[in-house]
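Shown next, in structure tokens, is the structure this report addresses.
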Amino acid sequence: MQSILYPGGIPLWRNVVFIQWVVQIISAIVVIAIVSGFIFNVATEIQDREIPFGFNFLDDAAQIPIGESVIQYDPSQSYLYGFSVAALNTIKASVLGVIIATSLGIVIGVSRLSRNWLLSRLALVYIETFRNIPLLIQLLFWFLIILELPNVREGYILFDAFYLNNSGFYMPWTTPLSGFWPWAILSLIGLGGGILAFNFLAKREIVTGKPSYPIIVGFAIFIVVTIIGLFIFTPLELVVPERQEGPFGRLQGGARWSGSFFALLIGLVVYTSAFIAEIVRAGIQAVNRGQTEAARALGLHTNASLRWVIFPQALRVIIPPLISQYLNLTKNSSLAAAIGYPDLVSVSTTMTQIAPAISLIGMVMATYLAMSLFYSLVGNIYNRVTRYAGVG
Amino acid sequence: MDRVATSLSKTQPHSMKNNLATAVTLIFLLTACSTNSGANQIAVERAQATAEAAIIDRNDAIAERDDAVARAEIVAKSADRLAAIQDRGEVTCATGNDTPGFHYLDAAGESLGFDVDLCRAVAAAVLGDADAIDYRFTDLAERGPALQSGEIDLMNLTTTWTSNRDVNWGNFAPVMFYDGQGFMTRKDSGVTSALDLGGAAICVTSGTTTELNLADYFRQNNLDFTPTVFEQTDVAVDAYQAGQCDAFTTDRSGLASLLTEFPNPEEHLILPEIVSEEPLTPVIPHGDEAWFDVVKIVMAGLIYAEAYGIDSTNVDEMAAGDNVKAKRLLGSEGDFGQEALGLRKTFMQDVIKQVGNYGAIYERNLGAQGIGLPRNGRNDLWINGGQIYAAPLR
């Protein structure tokens, strides 16, 4: 008994290892008890209240309308297809938003540090205004501004092909014909040839020192093959928006970027770019001042030192918070329902009118999680590529 | 429990949020718990389970007792609700204060509207005074619980009669208004029927089954359309008014009451088609058959008074006249069961004098003098080809 309570001569209740184990075990038991209590509760409630649950509905006809889609959609198609259409709408807003917000954010972040007093004050006002007004209010603001445009019958028209009005922006677009896939394969071959030529010429330039224009030649090969393919296969048909007969004069054909989508995109870009600008500023300021001075000493002018010395180092600080802004932008796009853009949340909410809500919400959460993990993955890979050699 | 069961039913905008909350919790739990095994834990859990079982047994006993007490209270409360109301001197009526035409407040804070008038008719019938009402302004999401608790005597709150609610909420009296999803469009488009809406852009508010009804109707009739689904009605209406959409769809009563707030209501038109079934009725808590009969008989009285041409100006004349059916309704001759229920024989005279007949209530609130919803189609009396009808009074 003595030896168990006093292993190694130290009383058990003062043995650090023992105490740590006890605390761990108790914490584990508490967590498991709470979690299993919740699960039990939810499971029995679902059963008692006969809340529908399951995924069999996914093959049934979705029946609900979706206002705009990247791929063709019809209410007689399945829930799974409708869900994918909605997910693509969210991805479209997210990807375009991320690209534009990043570009804009970098410009504003750099302007914020400019020696030009007016420019840096303007950037400051932009940042403080847009990151301090709730996004939902900004979205409604942009949407109401777009509603101020003339309606579809009185809107602006350019070349009888481009239409701008409060229902959106309509422009000519292509639809794939039967020759699309052969053309796509030929283009891929052209791309491969271009890359081969690039590698060959780039190596030759390094080895022989003769200027060989690898980028221009490689790109030209790709473009020429693609254009030749256009004439051989006629893969695409250009469709110009046309006004429908009837009382409403709506436009049909071509591509439509709806007013709701524009409001969403502008709102997300403006809001997120304000945060990105601050991240960029913080990243640049995190680079030691000595680096700028060293660049100067080497004779680099301001732009070159920013491009070759400051920015590469700043990126290491910028990337992780930048990724979390991308995630925010993606998740914030779920506010689209307020301004009538059929994003993932809006469409799946409509679907819950007849399909099991719990299953659908689970799918929505999984989709957002997948998108977030994808951005994180890309960010982490980039982060690994750009980190200091030999560190961590 | 009933609250969630009913929250899955129709015309309840908050149901999605409830489901959402449950779903979010569930998924959190599912993801959080993936390492629930091990012999030690099994022993611990078994011990916990025993302890929990004891607690559950005790809680069950308490719950059963509470249920019994609550049931007894509700039965006691409702067993003779009519006597209780007459004793109290007031009818407790659940209604709202935010929908023009149906239930709203005037500048002086007085309740007005179609729903309110039906409450007033019942108060006039049982107490002789249409103003003897204790109004309970109730949230749409709270309608089920309010009925299930038995706290209220009567509910008139734009409530759609569905089988699910009939089982879970209470007793549904005769249909007093046939609502249903309809369309509004601009007059200058020249469209006079929903079947002409092919190719239109249509604004819709995310709701119970609004989008579904919309899609069904257009698919059924082989018409194209572009929907834009909004979360909130005011944004959807803004989009419609700005011409982003050619038509707007929601329940026709909602269309009419929205129209009263438009700056230019005469430029818009509510199309005649109804694409969903939303019969609105008064609702009475479960548990008192006699009180349910009282409400039904008052509603029938309002409908037949219109059919017989009795209005607030000619009650005394008709009571003394030679229309036998009208005399029976007004209690001056014969009986249609009112005395067996414990009502005064001439209660309909008070109702008609103070509130008016069905037609008068409709015109005052929903018709030309109200929100301007024309009374053609289903909401006309059966003798005019409509569906407003009730048990004959004899």
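Ordering of the structure tokens sets the chain letters (A, B, ...), residue numbers begin anew at 1 in every chain, and ligands are numbered from 1 in the order given.
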Next item on the list: Please provide the set of residues having any atom within 6 Å of region 239-252 of chain A, restricted to only C-alpha atoms, with same-chain residues fewer than 2 positions apart removed, written as a list in words.
Entry: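 The neighbour list is Ala161, Pro172, Trp173, Thr174 and Gly254 of chain A; Ser189 of chain B.
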Next item on the list: Find, counting only C-alpha atoms, the residue in B:Pro145, B:Glu90, B:Val175, B:Ala200 that gets nearest to chain A.
Entry: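 The shortest atom-to-atom distance to chain A comes from B:Ala200.
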Please provide the set of residues having any atom within 8 Å of Thr92 (chain B), restricted to only C-alpha atoms, with same-chain residues fewer than 5 positions apart removed, written as a short mmCIF file (atom, residue, chain, number, x, y, z; two decimals) with C-alpha atoms, in the first residue's frame.
```cif
data_model
loop_
_atom_site.label_atom_id
_atom_site.label_comp_id
_atom_site.auth_asym_id
_atom_site.auth_seq_id
_atom_site.Cartn_x
_atom_site.Cartn_y
_atom_site.Cartn_z
CA ILE B 133 -62.77 41.59 -25.86
CA ASP B 134 -59.38 41.01 -24.31
CA TYR B 135 -57.09 41.19 -27.37
CA ARG B 136 -53.96 39.09 -27.31
CA ILE B 152 -57.26 31.99 -25.34
CA ASP B 153 -60.92 31.48 -26.21
CA LEU B 154 -60.66 32.17 -29.90
#
```
Next item on the list: Within region 61-305 of chain B, find each residue whose DSSP state, derived from the backbone, is alpha helix (DSSP H), and express the selection as JSON, numbers by chain.
Entry: {"B": [61, 62, 63, 64, 65, 66, 67, 68, 69, 70, 71, 72, 73, 74, 75, 76, 77, 78, 79, 81, 82, 83, 84, 85, 86, 87, 88, 114, 115, 116, 117, 118, 119, 120, 121, 122, 123, 124, 125, 126, 127, 143, 144, 145, 146, 147, 148, 149, 163, 164, 165, 166, 167, 168, 210, 211, 212, 213, 214, 215, 216, 217, 218, 219, 220, 233, 234, 235, 236, 237, 238, 239, 240, 241, 252, 253, 254, 255, 256, 257, 258, 259, 289, 290, 291, 292, 293, 294, 295, 296, 297, 298, 299, 300, 301, 302, 303, 304, 305]}
Item checked: Those in region 145-197 of chain B with strand (DSSP E or B) from DSSP, as a ChimeraX atom specification -> /B:154-155,160,170-172,177-179,181-186
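Here CA of Gln325 (chain A) is placed at a distance of 20.7 Å from CA of Leu113 (chain A).
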Next item on the list: With a distance cut-off of 12 Å and only C-alpha atoms, select the neighbouring residues of Val294 (chain B), excluding the residue or stretch itself and same-chain residues fewer than 5 positions from it, and output the selection as a PyMOL selection string.
Entry: chain B and resi 80-83+121-126+153-154+173-174+282+284+288-289+299-301+336-344+347-348
For the residues in that selection, give me C-alpha atoms as a compact mmCIF listing (two decimals), in the first residue's frame.
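Saved to part18.txt:
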```txt
# COMPACT_ATOMS: atom_id res chain seq x y z
CA ASP B 80 -67.52 25.24 -19.61
CA ARG B 81 -65.73 27.97 -21.44
CA LEU B 82 -68.97 29.79 -22.28
CA ALA B 83 -69.89 30.07 -18.60
CA ALA B 121 -69.15 39.11 -33.59
CA VAL B 122 -68.47 36.30 -31.09
CA ALA B 123 -68.24 38.77 -28.19
CA ALA B 124 -71.55 40.37 -29.24
CA ALA B 125 -73.13 36.91 -29.43
CA VAL B 126 -72.08 35.64 -26.03
CA ASP B 153 -60.92 31.48 -26.21
CA LEU B 154 -60.66 32.17 -29.90
CA ALA B 173 -64.49 26.73 -37.68
CA PRO B 174 -66.07 27.29 -41.15
CA PRO B 282 -61.27 31.08 -36.78
CA ILE B 284 -60.78 27.34 -31.02
CA ASP B 288 -64.72 22.19 -25.40
CA GLU B 289 -67.25 20.97 -27.95
CA MET B 299 -70.06 32.34 -38.16
CA ALA B 300 -73.05 30.63 -39.80
CA GLY B 301 -75.27 33.42 -38.50
CA PHE B 336 -81.82 26.68 -34.25
CA GLY B 337 -80.07 25.31 -31.19
CA GLN B 338 -78.94 28.55 -29.62
CA GLU B 339 -80.75 27.99 -26.32
CA ALA B 340 -79.37 24.48 -25.89
CA LEU B 341 -75.89 26.02 -26.20
CA GLY B 342 -76.65 28.56 -23.51
CA LEU B 343 -76.90 31.60 -25.80
CA ARG B 344 -79.65 34.18 -25.71
CA PHE B 347 -78.13 36.92 -29.88
CA MET B 348 -77.88 37.38 -33.65
```
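Shortest separation to chain B among A:Tyr6, A:Phe53, A:Tyr163, A:Trp183 occurs at residue A:Phe53, atoms counted being only C-alpha atoms.
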Note to self: Counting only C-alpha atoms, which residue out of A:Ile64, A:Leu58, A:Ile284, A:Ala263 sits closest to chain B?
What the structure shows: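 So, comparing all the options, the nearest one is A:Ile64.
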Item checked: Polymer residues at most 9 Å from Leu147 (chain A), only C-alpha atoms, same-chain spacing of 4 or more positions, as a ChimeraX atom specification -> /A:142-143,151,165-167,259 /B:238-239,242-244
Can you write out the residues you just picked, keeping C-alpha atoms, as a PDB file, in the first residue's frame?
```
ATOM      1  CA  TRP A 142     -25.576  48.386 -53.730  1.00  0.00           C
ATOM      2  CA  PHE A 143     -28.715  46.491 -54.664  1.00  0.00           C
ATOM      3  CA  ASN A 151     -35.649  48.782 -66.458  1.00  0.00           C
ATOM      4  CA  ASN A 165     -30.399  47.632 -67.065  1.00  0.00           C
ATOM      5  CA  ASN A 166     -31.590  46.925 -63.543  1.00  0.00           C
ATOM      6  CA  SER A 167     -32.197  43.264 -64.355  1.00  0.00           C
ATOM      7  CA  GLY A 259     -28.362  42.803 -60.866  1.00  0.00           C
TER       8      GLY A 259
ATOM      9  CA  ASP B 238     -38.603  47.381 -54.191  1.00  0.00           C
ATOM     10  CA  ALA B 239     -37.311  45.153 -56.991  1.00  0.00           C
ATOM     11  CA  ALA B 242     -38.194  49.297 -59.930  1.00  0.00           C
ATOM     12  CA  GLY B 243     -39.151  47.011 -62.820  1.00  0.00           C
ATOM     13  CA  GLN B 244     -36.512  44.371 -62.142  1.00  0.00           C
TER      14      GLN B 244
END
```
Next item on the list: List the neighbours of region 299-305 of chain A out to 12 Å using only C-alpha atoms; skip same-chain residues closer than 3 positions along the sequence, and give me the result as number ranges by chain.
Entry: A: 110, 114-115, 284, 289-296, 308-313
Could you write out that same residue set with N, CA and C atoms as an mmCIF file, in the first residue's frame?
```cif
data_model
loop_
_atom_site.group_PDB
_atom_site.id
_atom_site.type_symbol
_atom_site.label_atom_id
_atom_site.label_comp_id
_atom_site.auth_asym_id
_atom_site.auth_seq_id
_atom_site.Cartn_x
_atom_site.Cartn_y
_atom_site.Cartn_z
ATOM 1 N N VAL A 110 -1.301 49.408 -50.642
ATOM 2 C CA VAL A 110 -0.067 50.106 -51.010
ATOM 3 C C VAL A 110 -0.302 51.618 -51.016
ATOM 4 N N SER A 114 1.401 55.201 -49.273
ATOM 5 C CA SER A 114 2.025 56.108 -50.233
ATOM 6 C C SER A 114 2.480 57.387 -49.550
ATOM 7 N N ARG A 115 3.491 58.023 -50.116
ATOM 8 C CA ARG A 115 3.933 59.314 -49.579
ATOM 9 C C ARG A 115 2.991 60.415 -50.029
ATOM 10 N N ILE A 284 3.561 44.754 -45.296
ATOM 11 C CA ILE A 284 4.670 45.572 -45.798
ATOM 12 C C ILE A 284 5.413 46.218 -44.630
ATOM 13 N N ARG A 289 12.784 47.845 -41.867
ATOM 14 C CA ARG A 289 13.130 49.041 -42.630
ATOM 15 C C ARG A 289 14.495 48.913 -43.281
ATOM 16 N N GLY A 290 15.363 48.182 -42.619
ATOM 17 C CA GLY A 290 16.708 47.966 -43.159
ATOM 18 C C GLY A 290 16.671 47.356 -44.555
ATOM 19 N N GLN A 291 15.642 46.575 -44.863
ATOM 20 C CA GLN A 291 15.520 45.942 -46.172
ATOM 21 C C GLN A 291 15.328 47.003 -47.255
ATOM 22 N N THR A 292 14.482 47.980 -46.950
ATOM 23 C CA THR A 292 14.277 49.067 -47.909
ATOM 24 C C THR A 292 15.581 49.808 -48.136
ATOM 25 N N GLU A 293 16.238 50.095 -47.025
ATOM 26 C CA GLU A 293 17.503 50.851 -47.137
ATOM 27 C C GLU A 293 18.545 50.047 -47.907
ATOM 28 N N ALA A 294 18.570 48.743 -47.657
ATOM 29 C CA ALA A 294 19.522 47.899 -48.376
ATOM 30 C C ALA A 294 19.215 47.908 -49.865
ATOM 31 N N ALA A 295 17.914 47.844 -50.203
ATOM 32 C CA ALA A 295 17.516 47.868 -51.611
ATOM 33 C C ALA A 295 17.953 49.177 -52.258
ATOM 34 N N ARG A 296 17.750 50.276 -51.535
ATOM 35 C CA ARG A 296 18.193 51.579 -52.028
ATOM 36 C C ARG A 296 19.690 51.576 -52.279
ATOM 37 N N TRP A 308 10.855 43.423 -55.810
ATOM 38 C CA TRP A 308 11.843 42.351 -55.665
ATOM 39 C C TRP A 308 12.301 42.120 -54.242
ATOM 40 N N VAL A 309 12.167 43.136 -53.372
ATOM 41 C CA VAL A 309 12.697 42.983 -52.012
ATOM 42 C C VAL A 309 11.581 42.947 -50.962
ATOM 43 N N ILE A 310 10.724 43.961 -50.973
ATOM 44 C CA ILE A 310 9.745 44.098 -49.890
ATOM 45 C C ILE A 310 8.619 43.080 -50.026
ATOM 46 N N PHE A 311 7.995 43.036 -51.228
ATOM 47 C CA PHE A 311 6.794 42.227 -51.363
ATOM 48 C C PHE A 311 7.014 40.729 -51.115
ATOM 49 N N PRO A 312 8.085 40.162 -51.666
ATOM 50 C CA PRO A 312 8.293 38.722 -51.397
ATOM 51 C C PRO A 312 8.369 38.425 -49.906
ATOM 52 N N GLN A 313 8.957 39.335 -49.132
ATOM 53 C CA GLN A 313 9.049 39.088 -47.689
ATOM 54 C C GLN A 313 7.714 39.370 -47.010
#
```
Item checked: For CA of Val315 (chain B) and CA of Cys119 (chain B), the interatomic separation in Å (one decimal) ->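 Distance reported for this atom pair: 20.3 Å.
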